[in-house]
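This is work-v3.cif. It holds mmCIF, C-alpha atoms.
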```
data_query
#
loop_
_atom_site.group_PDB
_atom_site.id
_atom_site.type_symbol
_atom_site.label_atom_id
_atom_site.label_comp_id
_atom_site.auth_asym_id
_atom_site.auth_seq_id
_atom_site.Cartn_x
_atom_site.Cartn_y
_atom_site.Cartn_z
ATOM 1 C CA MET A 627 -30.871 -58.094 2.806
ATOM 2 C CA ARG A 628 -29.264 -54.639 3.042
ATOM 3 C CA LEU A 629 -29.077 -54.410 6.820
ATOM 4 C CA PRO A 630 -27.277 -57.747 7.263
ATOM 5 C CA ALA A 631 -24.794 -56.771 4.547
ATOM 6 C CA LEU A 632 -24.265 -53.359 6.143
ATOM 7 C CA LEU A 633 -23.826 -54.919 9.573
ATOM 8 C CA ALA A 634 -21.320 -57.424 8.175
ATOM 9 C CA VAL A 635 -19.227 -54.623 6.632
ATOM 10 C CA THR A 636 -19.438 -52.594 9.844
ATOM 11 C CA ALA A 637 -18.484 -55.596 11.981
ATOM 12 C CA ALA A 638 -15.520 -56.387 9.742
ATOM 13 C CA LEU A 639 -14.325 -52.811 9.992
ATOM 14 C CA ALA A 640 -14.834 -52.655 13.755
ATOM 15 C CA LEU A 641 -12.552 -55.639 14.409
ATOM 16 C CA PRO A 642 -8.830 -55.055 14.945
ATOM 17 C CA ALA A 643 -6.796 -55.307 11.738
ATOM 18 C CA GLY A 644 -5.301 -58.675 12.711
ATOM 19 C CA ALA A 645 -8.667 -60.214 13.528
ATOM 20 C CA ALA A 646 -10.418 -58.947 10.408
ATOM 21 C CA ALA A 647 -7.348 -59.558 8.198
ATOM 22 C CA LYS A 648 -8.460 -56.510 6.188
ATOM 23 C CA GLU A 649 -8.067 -52.846 6.944
ATOM 24 C CA VAL A 650 -9.084 -49.623 5.284
ATOM 25 C CA THR A 651 -5.896 -47.992 4.002
ATOM 26 C CA ALA A 652 -7.253 -45.056 2.000
ATOM 27 C CA LEU A 653 -10.376 -43.319 0.825
ATOM 28 C CA ASP A 654 -10.471 -41.738 -2.650
ATOM 29 C CA VAL A 655 -12.894 -38.821 -3.013
ATOM 30 C CA CYS A 656 -13.689 -38.585 -6.729
ATOM 31 C CA GLY A 657 -15.489 -35.954 -8.765
ATOM 32 C CA THR A 658 -16.039 -36.023 -12.499
ATOM 33 C CA ASP A 659 -12.569 -34.565 -13.079
ATOM 34 C CA GLY A 660 -10.339 -36.571 -10.752
ATOM 35 C CA CYS A 661 -9.782 -37.924 -7.258
ATOM 36 C CA THR A 662 -8.017 -36.953 -4.035
ATOM 37 C CA ARG A 663 -6.811 -39.670 -1.677
ATOM 38 C CA ILE A 664 -7.314 -39.511 2.091
ATOM 39 C CA SER A 665 -4.911 -41.761 4.010
ATOM 40 C CA ASP A 666 -4.891 -40.057 7.426
ATOM 41 C CA ARG A 667 -5.528 -42.777 10.075
ATOM 42 C CA ALA A 668 -7.718 -40.536 12.261
ATOM 43 C CA THR A 669 -9.979 -39.711 9.306
ATOM 44 C CA LEU A 670 -10.130 -43.342 8.238
ATOM 45 C CA ARG A 671 -11.104 -44.364 11.786
ATOM 46 C CA GLY A 672 -13.929 -41.810 11.614
ATOM 47 C CA PHE A 673 -15.042 -43.412 8.363
ATOM 48 C CA GLU A 674 -14.877 -46.925 9.858
ATOM 49 C CA GLU A 675 -16.866 -45.920 12.942
ATOM 50 C CA GLY A 676 -19.870 -44.670 10.980
ATOM 51 C CA SER A 677 -22.436 -47.422 11.416
ATOM 52 C CA GLU A 678 -25.802 -45.898 12.212
ATOM 53 C CA LEU A 679 -28.380 -45.581 9.471
ATOM 54 C CA ALA A 680 -29.986 -42.312 8.432
ATOM 55 C CA GLU A 681 -33.649 -42.062 9.314
ATOM 56 C CA ALA A 682 -34.760 -41.351 5.746
ATOM 57 C CA ALA A 683 -33.507 -40.892 2.222
ATOM 58 C CA PRO A 684 -32.619 -37.286 1.418
ATOM 59 C CA ALA A 685 -35.378 -35.356 -0.330
ATOM 60 C CA GLY A 686 -34.808 -33.681 -3.679
ATOM 61 C CA ARG A 687 -31.916 -33.871 -6.111
ATOM 62 C CA HIS A 688 -28.345 -34.088 -4.811
ATOM 63 C CA ARG A 689 -24.906 -33.872 -6.358
ATOM 64 C CA ALA A 690 -22.476 -36.535 -5.183
ATOM 65 C CA TYR A 691 -18.845 -37.563 -5.024
ATOM 66 C CA LEU A 692 -17.766 -41.152 -5.508
ATOM 67 C CA LEU A 693 -15.903 -42.644 -2.527
ATOM 68 C CA ARG A 694 -13.551 -45.528 -3.350
ATOM 69 C CA VAL A 695 -12.627 -47.419 -0.213
ATOM 70 C CA ARG A 696 -9.195 -49.024 -0.501
ATOM 71 C CA ILE A 697 -8.418 -51.994 1.734
ATOM 72 C CA ARG A 698 -5.408 -54.183 2.398
ATOM 73 C CA ASP A 699 -6.341 -57.841 1.949
ATOM 74 C CA GLU A 700 -4.977 -60.932 3.746
ATOM 75 C CA ALA A 701 -1.972 -61.060 1.395
ATOM 76 C CA GLY A 702 -1.097 -57.409 2.073
ATOM 77 C CA LYS A 703 -2.220 -56.212 -1.356
ATOM 78 C CA VAL A 704 -4.117 -52.892 -1.492
ATOM 79 C CA GLN A 705 -7.258 -52.958 -3.622
ATOM 80 C CA VAL A 706 -10.619 -51.218 -3.960
ATOM 81 C CA GLY A 707 -12.923 -52.877 -1.434
ATOM 82 C CA TRP A 708 -16.158 -51.107 -2.354
ATOM 83 C CA THR A 709 -17.537 -47.777 -3.479
ATOM 84 C CA SER A 710 -20.208 -45.505 -2.110
ATOM 85 C CA LEU A 711 -21.425 -41.970 -2.726
ATOM 86 C CA TRP A 712 -21.089 -38.903 -0.509
ATOM 87 C CA LEU A 713 -23.931 -36.394 -0.789
ATOM 88 C CA PRO A 714 -22.443 -33.223 0.791
ATOM 89 C CA LYS A 715 -25.671 -31.181 0.834
ATOM 90 C CA ALA A 716 -27.540 -33.979 2.652
ATOM 91 C CA GLY A 717 -24.608 -34.893 4.927
ATOM 92 C CA VAL A 718 -24.938 -38.614 4.192
ATOM 93 C CA MET A 719 -23.199 -41.450 2.403
ATOM 94 C CA ALA A 720 -25.276 -43.603 0.068
ATOM 95 C CA LEU A 721 -24.369 -47.286 0.071
ATOM 96 C CA ASP A 722 -25.562 -48.919 -3.121
ATOM 97 C CA ASP A 723 -25.402 -52.716 -3.204
ATOM 98 C CA GLY A 724 -26.998 -53.175 -6.623
ATOM 99 C CA GLN A 725 -30.517 -53.514 -5.229
ATOM 100 C CA PRO A 726 -33.234 -50.906 -5.894
ATOM 101 C CA GLY A 727 -32.688 -47.845 -3.728
ATOM 102 C CA ALA A 728 -29.749 -47.198 -1.415
ATOM 103 C CA THR A 729 -28.930 -47.331 2.287
ATOM 104 C CA PHE A 730 -27.937 -43.994 3.848
ATOM 105 C CA MET A 731 -25.528 -43.304 6.694
ATOM 106 C CA PRO A 732 -24.940 -39.880 8.280
ATOM 107 C CA VAL A 733 -21.431 -38.426 7.999
ATOM 108 C CA GLY A 734 -19.843 -37.223 11.245
ATOM 109 C CA PRO A 735 -18.456 -33.656 11.472
ATOM 110 C CA ALA A 736 -14.739 -34.608 11.424
ATOM 111 C CA LEU A 737 -15.175 -36.922 8.439
ATOM 112 C CA GLU A 738 -17.266 -34.312 6.641
ATOM 113 C CA ARG A 739 -14.497 -31.703 7.052
ATOM 114 C CA ALA A 740 -11.949 -34.162 5.613
ATOM 115 C CA LEU A 741 -14.250 -35.061 2.703
ATOM 116 C CA ARG A 742 -14.858 -31.366 1.925
ATOM 117 C CA ARG A 743 -11.092 -30.689 1.913
ATOM 118 C CA ALA A 744 -10.510 -33.633 -0.425
ATOM 119 C CA ALA A 745 -13.388 -32.614 -2.736
ATOM 120 C CA ARG A 746 -12.066 -29.061 -3.173
ATOM 121 C CA GLY A 747 -11.240 -28.435 -6.800
ATOM 122 C CA HIS A 748 -13.263 -31.404 -8.071
ATOM 123 C CA THR A 749 -16.635 -31.204 -9.774
ATOM 124 C CA ALA A 750 -19.393 -33.258 -8.156
ATOM 125 C CA ARG A 751 -21.357 -35.741 -10.211
ATOM 126 C CA ALA A 752 -24.652 -34.586 -11.719
ATOM 127 C CA ALA A 753 -27.569 -34.140 -9.362
ATOM 128 C CA ARG A 754 -30.106 -36.929 -9.130
ATOM 129 C CA ARG A 755 -32.766 -38.210 -6.776
ATOM 130 C CA TYR A 756 -31.880 -40.943 -4.336
ATOM 131 C CA ALA A 757 -34.435 -43.340 -2.949
ATOM 132 C CA ALA A 758 -34.493 -45.536 0.091
ATOM 133 C CA PRO A 759 -34.871 -49.251 -0.513
ATOM 134 C CA PRO A 760 -38.443 -50.458 -0.804
ATOM 135 C CA PRO A 761 -39.819 -52.174 2.278
ATOM 136 C CA PRO A 762 -39.278 -55.928 2.255
ATOM 137 C CA VAL A 763 -42.124 -58.002 0.896
ATOM 138 C CA ALA A 764 -43.073 -61.078 2.867
ATOM 139 C CA ARG A 765 -43.174 -64.273 0.838
ATOM 140 C CA VAL A 766 -44.498 -67.645 1.881
ATOM 141 C CA THR A 767 -41.895 -70.224 0.915
ATOM 142 C CA GLU A 768 -43.100 -73.135 3.001
ATOM 143 C CA VAL A 769 -46.363 -74.065 4.695
ATOM 144 C CA VAL A 770 -45.978 -76.184 7.803
ATOM 145 C CA PRO A 771 -49.071 -78.063 9.004
ATOM 146 C CA ALA A 772 -50.134 -77.634 12.602
ATOM 147 C CA PRO A 773 -49.169 -80.453 14.964
ATOM 148 C CA PRO A 774 -51.876 -83.043 15.612
ATOM 149 C CA THR A 775 -54.205 -82.079 18.424
ATOM 150 C CA ALA A 776 -54.135 -83.940 21.728
ATOM 151 C CA ARG A 777 -56.975 -86.307 22.586
ATOM 152 C CA ALA A 778 -60.004 -84.524 23.988
ATOM 153 C CA ALA A 779 -59.776 -86.550 27.211
ATOM 154 C CA ASP A 780 -56.177 -85.438 27.833
ATOM 155 C CA SER A 781 -56.797 -81.769 27.165
ATOM 156 C CA ASP A 782 -60.222 -81.323 28.789
ATOM 157 C CA PRO A 783 -59.853 -80.587 32.542
ATOM 158 C CA SER A 784 -63.397 -81.755 33.221
ATOM 159 C CA GLY A 785 -62.994 -85.052 31.316
ATOM 160 C CA PRO A 786 -62.838 -88.602 32.713
ATOM 161 C CA PRO A 787 -59.330 -88.467 34.300
ATOM 162 C CA ALA A 788 -60.192 -85.339 36.287
ATOM 163 C CA LEU A 789 -63.495 -86.872 37.392
ATOM 164 C CA ALA A 790 -61.748 -90.106 38.391
ATOM 165 C CA TRP A 791 -59.265 -88.267 40.613
ATOM 166 C CA THR A 792 -62.048 -86.189 42.159
ATOM 167 C CA GLY A 793 -64.105 -89.333 42.837
ATOM 168 C CA LEU A 794 -61.096 -91.143 44.346
ATOM 169 C CA ALA A 795 -60.357 -88.178 46.627
ATOM 170 C CA THR A 796 -63.998 -88.103 47.762
ATOM 171 C CA VAL A 797 -63.974 -91.848 48.535
ATOM 172 C CA VAL A 798 -60.706 -91.524 50.521
ATOM 173 C CA LEU A 799 -62.075 -88.600 52.552
ATOM 174 C CA LEU A 800 -65.340 -90.444 53.288
ATOM 175 C CA ALA A 801 -63.448 -93.590 54.304
ATOM 176 C CA ALA A 802 -61.207 -91.554 56.594
ATOM 177 C CA GLY A 803 -64.267 -89.926 58.124
ATOM 178 C CA VAL A 804 -65.990 -93.287 58.681
ATOM 179 C CA TRP A 805 -62.853 -94.793 60.207
ATOM 180 C CA ARG A 806 -62.447 -91.855 62.562
ATOM 181 C CA ALA A 807 -66.120 -91.994 63.555
ATOM 182 C CA ARG A 808 -65.829 -95.697 64.417
ATOM 183 C CA ARG A 809 -62.694 -95.075 66.518
ATOM 184 C CA SER A 810 -64.384 -92.531 68.712
#
```

Give the structure from the file, written as structure tokens.
Amino acid sequence: MRLPALLAVTAALALPAGAAAKEVTALDVCGTDGCTRISDRATLRGFEEGSELAEAAPAGRHRAYLLRVRIRDEAGKVQVGWTSLWLPKAGVMALDDGQPGATFMPVGPALERALRRAARGHTARAARRYAAPPPPVARVTEVVPAPPTARAADSDPSGPPALAWTGLATVVLLAAGVWRARRS
């Protein structure tokens, strides 16, 4: 469920502003004692372009800053679109969609520099462990019976229809041979 949601957010951000009807207008980097807003278009583009997933959840305990993503909606009103966490020591963002665990995305160098500048002077949130989402569990929701099998005569290549065609071919060849022998 996480990957489709992440891909939907990434696809919406990758579309031109007119096509998506929403655009990222600012990014608030928040510590426990306040926030700093990033509204530089180049930095925001770097944030929007981040779409690959980290290979694993970061090990150990990590301090984090809250990232509030501000978007302009269809009516032109700016509002908080979603929040995520930036773990500076691990170099990743943690996307938490309310499910157990989180999805992690690496932070590019230019975006990381901008986030570090914005975080200066703010205290990071308390360190905690972050976990990757558990692997999906397969569930059987519907059992579909197998289609009925074909008749044995239709599916068996050595059955009566195959023997009939072989016999007919033999009779035709013998008749042709007899006819030719009589002509000569």

Interatomic distance, CA of Ala701 (chain A) to CA of Ala740 (chain A) (Å, one decimal) =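 Here the two named atoms are 29.0 Å from each other.
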
Which is closest to Ala728 (chain A) among A:Ser710, A:Ser665, A:Thr767, A:Thr749, if we use only C-alpha atoms?
->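 Among A:Ser710, A:Ser665, A:Thr767, A:Thr749, it is A:Ser710 that comes nearest to Ala728 (chain A).
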
Between CA of Val650 (chain A) and CA of Val704 (chain A) - distance in Å to one decimal =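 Result for CA of Val704 (chain A) versus CA of Val650 (chain A): 9.0 Å, one decimal.
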
Using the chain letters and numbering of this document, enumerate as a list in words the residues selected by the PyMOL selection byres ((chain A and resi 693) around 9).
->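 Residues picked by the PyMOL selection byres ((chain A and resi 693) around 9): Leu653, Asp654, Val655, Cys656, Tyr691, Leu692, Arg694, Val695, Trp708, Thr709, Ser710, Leu711, Trp712 and Met719 of chain A.
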
Give me, please, the distance in Å between CA of Pro732 (chain A) and CA of Arg687 (chain A), quoted to one decimal.
->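 So the answer is 17.1 Å.
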
Using all atoms listed in the file, the best pick from A:Ala683, A:Ala802, A:Ala750, A:Ile697 as closest to Thr658 (chain A) would be A:Ala750

With distances taken over only C-alpha atoms, which of A:Glu675, A:Gly660, A:Ala720, A:Val706 is nearest to Lys648 (chain A)?
->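 Ranking A:Glu675, A:Gly660, A:Ala720, A:Val706 by distance to Lys648 (chain A), first place goes to A:Val706.
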
Neighbours of point (-29.1, -35.0, -8.1) within 6 Å, using all atoms listed in the file, written as a ChimeraX atom specification | /A:687-689,752-755

Taking into account only C-alpha atoms, which residue in the set A:Ala757, A:Ala685, A:Ala772, A:Val718 is nearest to Pro735 (chain A)?
->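 The shortest atom-to-atom distance to Pro735 (chain A) comes from A:Val718.
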
Name the residues that the PyMOL selection byres ((chain A and resi 745) around 8) pulls out of this structure, and write them as a list in words.
->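 Evaluating the PyMOL selection byres ((chain A and resi 745) around 8) on these coordinates yields Val655, Cys656, Gly657, Cys661, Thr662, Tyr691, Leu741, Arg742, Arg743, Ala744, Arg746, Gly747, His748 and Thr749 of chain A.
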
Expand the PyMOL selection byres ((chain A and resi 680) around 9) into the individual residues it matches in the shown file, reporting them as a ChimeraX atom specification.
-> /A:678-679,681-683,718,729-732
